[in-house]
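So the structure is just underneath, and the comments pick up after that.
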Amino acid sequence: MPLPFLTADRAFDATDDVALPFDDHDQWRRPYRPGPWRVGAAALALLVASFVLLAAVIIAAAGAVSGAAVTFGLAALLIASALRMLRVGTWVSRHGVRRVGFFATSTVAWAQVAHARTTQQPVRWLGLPRTVQGQALVLVRRDGEQIALLTDHNADFLSRVEAFDRATDTIEAWNAEYGVAPVAATR
């Protein structure tokens with residue numbers, strides 16, 4: 001039985017020439033879905049936060065207001081961490097590419113990008129200090145600085161090779177569309 005609502009996986013007909021409401025290239029968007037490791041870790045943090053909130057209510061009912069305030073603060077910290085965990089990743093727009101980390105965010109305008117390429121190199125496994133051989137989408141700036149945007153062993157792409165390939169192709173396509181074309185050498 002087909003369901004009457006649209007899902008993210010629904011293939012649109014070739015005759016649909018209507019622009020989708022989220023197809024605004026000025027808005028920052030993630031060109032891939034968050035991976036199961038990232039979503040699972042955030043869900044686990046929210047589950048722990050719910051137990052901490054329950055404990056805060058019990059502590060407040062017992063009359064220990066200062067203890068309840070500390071426990072509520074811990075729960076708020078857990079919730080904020082889970083939400084930030086879901087924001088981490090690479091975001092693109094017409095203005096450039098943004099790498100959102102847990103503690104810091106950096107943005108590079110497309111005019112500053114020399115090229116983006118996928119390379120084989122040692123990458124961190126799930127962001128931990130342990131490195132394994134894998135693929136990374138590397139953004140090379142015009143000043144020579146290299147920034148690893150995505151890896152195939154991070155929380156979004158571990159065991160999802162096809163999703164990693166689609167994401168890297170999408171970011172490279174954004175670079176080709178909005179980046180500055182290399183200047184040809186003249187004689």
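Ordering of the structure tokens sets the chain letters (A, B, ...), residue numbers begin anew at 1 in every chain, and ligands are numbered from 1 in the order given.
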**Asked** DSSP on the backbone: what in region 2-181 of chain A comes out alpha helix (DSSP H), as a ChimeraX atom specification?
**Response** /A:36-62,65-87,161-178
Might you pull out every residue within 10 Å of Gly134 (chain A), with only C-alpha atoms counted and same-chain residues fewer than 4 positions away left off, and present them as a short mmCIF file (atom, residue, chain, number, x, y, z; two decimals) with N, CA, C and O atoms, in the first residue's frame?
```cif
data_model
loop_
_atom_site.label_atom_id
_atom_site.label_comp_id
_atom_site.auth_asym_id
_atom_site.auth_seq_id
_atom_site.Cartn_x
_atom_site.Cartn_y
_atom_site.Cartn_z
N THR A 119 41.54 11.46 -1.98
CA THR A 119 42.86 10.85 -1.92
C THR A 119 42.86 9.68 -0.95
O THR A 119 42.04 9.61 -0.03
N GLN A 120 43.80 8.76 -1.15
CA GLN A 120 44.05 7.68 -0.21
C GLN A 120 45.08 8.18 0.79
O GLN A 120 46.14 8.66 0.41
N GLN A 121 44.75 8.09 2.06
CA GLN A 121 45.66 8.55 3.10
C GLN A 121 45.23 7.96 4.44
O GLN A 121 44.12 7.45 4.56
N PRO A 122 46.10 8.02 5.44
CA PRO A 122 45.67 7.58 6.77
C PRO A 122 44.60 8.53 7.31
O PRO A 122 44.76 9.75 7.24
N VAL A 123 43.51 7.97 7.79
CA VAL A 123 42.40 8.76 8.33
C VAL A 123 42.06 8.25 9.72
O VAL A 123 42.35 7.11 10.07
N ARG A 124 41.44 9.11 10.51
CA ARG A 124 41.04 8.71 11.86
C ARG A 124 39.79 7.84 11.79
O ARG A 124 38.88 8.11 11.03
N TRP A 125 39.76 6.82 12.64
CA TRP A 125 38.62 5.92 12.71
C TRP A 125 37.65 6.48 13.75
O TRP A 125 37.98 6.56 14.93
N THR A 151 35.93 11.87 5.53
CA THR A 151 36.67 10.62 5.42
C THR A 151 35.69 9.47 5.38
O THR A 151 34.56 9.59 5.84
N ASP A 152 36.13 8.37 4.82
CA ASP A 152 35.24 7.22 4.72
C ASP A 152 35.20 6.40 6.02
O ASP A 152 34.52 5.39 6.08
N HIS A 153 35.91 6.85 7.05
CA HIS A 153 35.88 6.16 8.35
C HIS A 153 35.38 7.06 9.47
O HIS A 153 35.63 6.80 10.64
#
```
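Minimum atom-to-atom distances from A:Ala64, A:Leu158, A:Ala55, A:Met85 to Ala43 (chain A) were compared using only C-alpha atoms, and the lowest value belongs to A:Met85.
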**Request:** Tell me, as a VMD selection string, which residues lie within 12 Å of Ala167 (chain A), counting only C-alpha atoms; anything in the same chain fewer than 3 positions away does not count.
**Result:** chain A and resid 29 to 35 89 to 92 118 136 to 137 149 to 152 156 to 157 160 to 164 170 to 174
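If you count only C-alpha atoms and ignore residues fewer than 3 places along the chain from Glu145 (chain A), what sits within 12 Å of it is Val108, Gln112, Val113, Ala114, His115, Ala116, Val138, Leu139, Val140, Arg141, Arg142 and Ala148 of chain A.
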**Message:** With only C-alpha atoms as the counted atoms, please give the residues lying no more than 8 Å from Gly96 (chain A), apart from itself and same-chain residues fewer than 3 positions off, as a ChimeraX atom specification.
**Reply:** /A:92-93,107-111,178
**Per-residue DSSP, region 45-179 of chain A, filtered to strand (DSSP E or B), as a ChimeraX atom specification** = /A:89-93,96-100,105-109,113-124,131-141,146-151
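Distances from A:Val88, A:Ala60, A:Ala69, A:Arg98 to Gln27 (chain A) were compared using only C-alpha atoms, and the smallest one belongs to A:Arg98.
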**Request:** Grab the CA of Gly101 (chain A) to CA of Pro36 (chain A) distance for me, in Å with one decimal place.
**Result:** 17.6 Å
Excluding same-chain residues fewer than 3 positions from Ala80 (chain A), what lies within 12 Å of it counting only C-alpha atoms, as a PDB file with N, CA, C and O atoms, in the first residue's frame?
```pdb
ATOM      1  N   ALA A  42      24.096  10.291  19.260  1.00  0.00           N
ATOM      2  CA  ALA A  42      23.247  11.392  19.724  1.00  0.00           C
ATOM      3  C   ALA A  42      21.999  10.853  20.433  1.00  0.00           C
ATOM      4  O   ALA A  42      21.576  11.394  21.458  1.00  0.00           O
ATOM      5  N   ALA A  45      23.018   9.752  23.856  1.00  0.00           N
ATOM      6  CA  ALA A  45      23.206  10.910  24.736  1.00  0.00           C
ATOM      7  C   ALA A  45      21.868  11.483  25.183  1.00  0.00           C
ATOM      8  O   ALA A  45      21.708  11.877  26.351  1.00  0.00           O
ATOM      9  N   LEU A  46      20.886  11.515  24.285  1.00  0.00           N
ATOM     10  CA  LEU A  46      19.561  12.007  24.674  1.00  0.00           C
ATOM     11  C   LEU A  46      18.864  11.057  25.643  1.00  0.00           C
ATOM     12  O   LEU A  46      18.135  11.492  26.534  1.00  0.00           O
ATOM     13  N   ALA A  49      20.372  11.754  28.915  1.00  0.00           N
ATOM     14  CA  ALA A  49      19.865  13.044  29.384  1.00  0.00           C
ATOM     15  C   ALA A  49      18.461  12.898  29.969  1.00  0.00           C
ATOM     16  O   ALA A  49      18.128  13.577  30.957  1.00  0.00           O
ATOM     17  N   GLY A  73      21.533  21.266  34.999  1.00  0.00           N
ATOM     18  CA  GLY A  73      22.619  21.793  34.173  1.00  0.00           C
ATOM     19  C   GLY A  73      23.345  20.694  33.416  1.00  0.00           C
ATOM     20  O   GLY A  73      23.689  20.856  32.241  1.00  0.00           O
ATOM     21  N   LEU A  74      23.574  19.551  34.087  1.00  0.00           N
ATOM     22  CA  LEU A  74      24.210  18.412  33.425  1.00  0.00           C
ATOM     23  C   LEU A  74      23.334  17.882  32.302  1.00  0.00           C
ATOM     24  O   LEU A  74      23.833  17.565  31.212  1.00  0.00           O
ATOM     25  N   ALA A  75      22.030  17.814  32.543  1.00  0.00           N
ATOM     26  CA  ALA A  75      21.111  17.350  31.503  1.00  0.00           C
ATOM     27  C   ALA A  75      21.102  18.312  30.315  1.00  0.00           C
ATOM     28  O   ALA A  75      21.091  17.881  29.151  1.00  0.00           O
ATOM     29  N   ALA A  76      21.115  19.610  30.590  1.00  0.00           N
ATOM     30  CA  ALA A  76      21.150  20.597  29.511  1.00  0.00           C
ATOM     31  C   ALA A  76      22.441  20.473  28.699  1.00  0.00           C
ATOM     32  O   ALA A  76      22.423  20.595  27.467  1.00  0.00           O
ATOM     33  N   LEU A  77      23.549  20.211  29.387  1.00  0.00           N
ATOM     34  CA  LEU A  77      24.823  20.009  28.700  1.00  0.00           C
ATOM     35  C   LEU A  77      24.780  18.768  27.811  1.00  0.00           C
ATOM     36  O   LEU A  77      25.276  18.781  26.676  1.00  0.00           O
ATOM     37  N   LEU A  83      22.756  17.619  20.311  1.00  0.00           N
ATOM     38  CA  LEU A  83      22.349  18.438  19.179  1.00  0.00           C
ATOM     39  C   LEU A  83      23.551  18.910  18.368  1.00  0.00           C
ATOM     40  O   LEU A  83      23.509  18.946  17.135  1.00  0.00           O
ATOM     41  N   ARG A  84      24.625  19.263  19.054  1.00  0.00           N
ATOM     42  CA  ARG A  84      25.837  19.678  18.343  1.00  0.00           C
ATOM     43  C   ARG A  84      26.442  18.507  17.569  1.00  0.00           C
ATOM     44  O   ARG A  84      26.958  18.676  16.473  1.00  0.00           O
ATOM     45  N   MET A  85      26.356  17.300  18.156  1.00  0.00           N
ATOM     46  CA  MET A  85      26.858  16.111  17.487  1.00  0.00           C
ATOM     47  C   MET A  85      26.144  15.888  16.155  1.00  0.00           C
ATOM     48  O   MET A  85      26.745  15.442  15.179  1.00  0.00           O
ATOM     49  N   LEU A  86      24.857  16.199  16.121  1.00  0.00           N
ATOM     50  CA  LEU A  86      24.102  16.042  14.885  1.00  0.00           C
ATOM     51  C   LEU A  86      24.424  17.131  13.867  1.00  0.00           C
ATOM     52  O   LEU A  86      24.224  16.939  12.666  1.00  0.00           O
ATOM     53  N   ARG A  87      24.933  18.283  14.303  1.00  0.00           N
ATOM     54  CA  ARG A  87      25.299  19.370  13.399  1.00  0.00           C
ATOM     55  C   ARG A  87      26.665  19.183  12.758  1.00  0.00           C
ATOM     56  O   ARG A  87      26.964  19.807  11.739  1.00  0.00           O
ATOM     57  N   PHE A 102      32.888  19.768  16.408  1.00  0.00           N
ATOM     58  CA  PHE A 102      32.159  19.793  17.673  1.00  0.00           C
ATOM     59  C   PHE A 102      32.407  21.099  18.418  1.00  0.00           C
ATOM     60  O   PHE A 102      31.504  21.662  19.006  1.00  0.00           O
ATOM     61  N   PHE A 103      33.649  21.589  18.368  1.00  0.00           N
ATOM     62  CA  PHE A 103      33.987  22.801  19.092  1.00  0.00           C
ATOM     63  C   PHE A 103      34.215  24.016  18.196  1.00  0.00           C
ATOM     64  O   PHE A 103      34.137  25.143  18.669  1.00  0.00           O
TER      65      PHE A 103
END
```
